[in-house]
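See below for the structure under consideration.
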Amino acid sequence: MVKVAIATKSAEKIAGIKEAIHRTLNETELELNFKETKSGVSSQPFGEETYQGAWNRIQDIKQNFPNMDFYVSCEAGIEKIFNQYFNVQVVCIYNSKSKKFLWGKSSGWMIPSKDIDTIRKESLDIYLRKKGINRIEELLGKNNSREAFVAQATEIALASEKLQRLKNNWGLNPQLFFYNTLLVGI
């Protein structure tokens, strides 16, 4: 049995993390513990602040649930790339056995640049509600739920640990190759 502490009470996020762990680790028995935690960042994080929020949540959940195999947190945030803004889910996992932090990020959807100042003042959730969107599936379709994005980011984080254990015959650093593949699609 794998013991997991999750830094949220969001049913969607918990379901996404659970699904990803089942698929990636092939674990059927999980002991899930969860608690709402503070991110220590703004209510609408931008850029590195998103990653800091996820890391802060891990530090908090570790204090509440000792002796877990994995500690998992998720933080939604907005990233700016090529002068365009994207909403992403960032997952941070602490593996107690390897003593490593694992990171994953979901695919992102583009936010109109003209609306960023409004979103900075209010939040993306308020902005979307004012546009009549109460669930992300209403904007992105039924296959693109918050649960799906969190599952994707969790699987990517867990895959990064698998990649660190791989050996290759080419003398390449597989972690660097994986990073470049994700960024530029090699």
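In the structure tokens, the first chain shown is A, the next is B, and so on; residue numbers restart at 1 for each chain, and ligands run from 1 in the order shown.
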
Would you please give, as a CSV table (one decimal) with C-alpha atoms, in the first residue's frame, all residues of range 3-185 of chain A that DSSP assigns to strand (DSSP E or B) based on the backbone?
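Writing the result to states34.csv gives the following:
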```csv
chain,number,residue,atom,x,y,z
A,3,LYS,CA,0.6,6.2,1.6
A,4,VAL,CA,-0.1,9.7,0.1
A,5,ALA,CA,-0.7,13.0,1.7
A,6,ILE,CA,-2.4,15.6,-0.6
A,30,LEU,CA,-3.7,3.8,-1.7
A,31,GLU,CA,-4.0,5.4,1.7
A,32,LEU,CA,-5.0,8.9,0.9
A,33,ASN,CA,-4.8,11.7,3.5
A,34,PHE,CA,-5.7,15.3,2.5
A,46,PHE,CA,2.0,34.3,-11.9
A,70,PHE,CA,4.5,10.7,-1.2
A,71,TYR,CA,3.4,14.2,-0.5
A,72,VAL,CA,1.6,15.9,-3.3
A,73,SER,CA,0.5,19.5,-3.9
A,74,CYS,CA,-1.0,21.3,-6.9
A,75,GLU,CA,-1.1,25.0,-7.7
A,76,ALA,CA,-2.8,26.7,-10.6
A,77,GLY,CA,-1.1,29.7,-12.0
A,78,ILE,CA,-0.5,31.8,-15.1
A,79,GLU,CA,2.7,31.7,-17.1
A,80,LYS,CA,3.9,34.2,-19.7
A,81,ILE,CA,5.7,32.7,-22.7
A,84,GLN,CA,1.3,35.1,-24.3
A,85,TYR,CA,-0.4,34.1,-21.0
A,86,PHE,CA,-1.3,30.5,-20.2
A,87,ASN,CA,-3.1,28.9,-17.3
A,88,VAL,CA,-1.4,25.8,-16.0
A,89,GLN,CA,-1.5,23.3,-13.1
A,90,VAL,CA,1.8,22.8,-11.4
A,91,VAL,CA,2.3,19.6,-9.3
A,92,CYS,CA,5.0,19.2,-6.7
A,93,ILE,CA,5.6,15.7,-5.3
A,94,TYR,CA,8.0,14.9,-2.5
A,95,ASN,CA,9.1,11.2,-2.5
A,100,LYS,CA,13.5,14.0,-4.1
A,101,PHE,CA,11.1,16.7,-5.2
A,102,LEU,CA,9.4,15.9,-8.5
A,103,TRP,CA,7.7,18.5,-10.6
A,104,GLY,CA,5.2,18.4,-13.4
A,105,LYS,CA,3.1,20.9,-15.3
A,109,TRP,CA,-4.6,27.2,-22.3
A,110,MET,CA,-4.1,30.7,-23.6
A,111,ILE,CA,-5.7,33.7,-21.8
```

Surrounding residues of Ala151 in chain A excluding itself and chain neighbours under 2 positions, 6 Å, only C-alpha atoms, as a VMD selection string:
chain A and resid 16 to 17 20 148 to 149 153 to 154

Please produce a file of the residues just selected, as a tab-separated table (two decimals), in the first residue's frame, where the atoms kept are C-alpha atoms.
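Saved result, result08.tsv, follows:
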```tsv
chain	number	residue	atom	x	y	z
A	16	GLY	CA	-6.74	13.64	-10.65
A	17	ILE	CA	-3.83	12.83	-8.33
A	20	ALA	CA	-2.37	9.50	-11.99
A	148	ALA	CA	-7.54	15.85	-16.18
A	149	PHE	CA	-4.99	18.68	-16.03
A	153	ALA	CA	0.86	17.19	-14.30
A	154	THR	CA	1.05	14.45	-11.64
```

So that I can check the surroundings of Thr28 in chain A, please list as number ranges by chain every protein, DNA and RNA residue that reaches within 10 Å of it, counting only C-alpha atoms and ignoring chain neighbours fewer than 6 positions away.
A: 1-2, 18, 21-22

Print the selection's residues with N, CA and C atoms to a file, as an mmCIF file, in the first residue's frame.
```cif
data_model
loop_
_atom_site.group_PDB
_atom_site.id
_atom_site.type_symbol
_atom_site.label_atom_id
_atom_site.label_comp_id
_atom_site.auth_asym_id
_atom_site.auth_seq_id
_atom_site.Cartn_x
_atom_site.Cartn_y
_atom_site.Cartn_z
ATOM 1 N N MET A 1 0.838 -1.178 0.000
ATOM 2 C CA MET A 1 0.000 0.000 0.000
ATOM 3 C C MET A 1 0.889 1.249 0.000
ATOM 4 N N VAL A 2 0.510 2.196 -0.832
ATOM 5 C CA VAL A 2 1.239 3.454 -0.916
ATOM 6 C C VAL A 2 0.469 4.508 -0.118
ATOM 7 N N LYS A 18 -5.089 10.891 -7.603
ATOM 8 C CA LYS A 18 -5.327 9.455 -7.378
ATOM 9 C C LYS A 18 -5.271 8.679 -8.696
ATOM 10 N N ILE A 21 -1.620 8.410 -9.944
ATOM 11 C CA ILE A 21 -0.814 7.478 -9.164
ATOM 12 C C ILE A 21 -1.167 6.035 -9.539
ATOM 13 N N HIS A 22 -2.461 5.768 -9.682
ATOM 14 C CA HIS A 22 -2.880 4.427 -10.112
ATOM 15 C C HIS A 22 -2.258 4.074 -11.456
#
```

Determine which residues of range 22-177 of chain A receive a DSSP assignment of helix (DSSP H, G or I), computed from the backbone, and state them as a ChimeraX atom specification.
/A:22-25,48-64,113-121,124-130,137-140,146-165,174-177

Record the distance separating CA of Leu139 in chain A and CA of Ser123 in chain A, expressed in Å with one decimal.
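Calculated distance between CA of Leu139 in chain A and CA of Ser123 in chain A is 16.5 Å.
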
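Straight-line separation from CA of Lys114 in chain A to CA of Gln152 in chain A: 28.3 Å.
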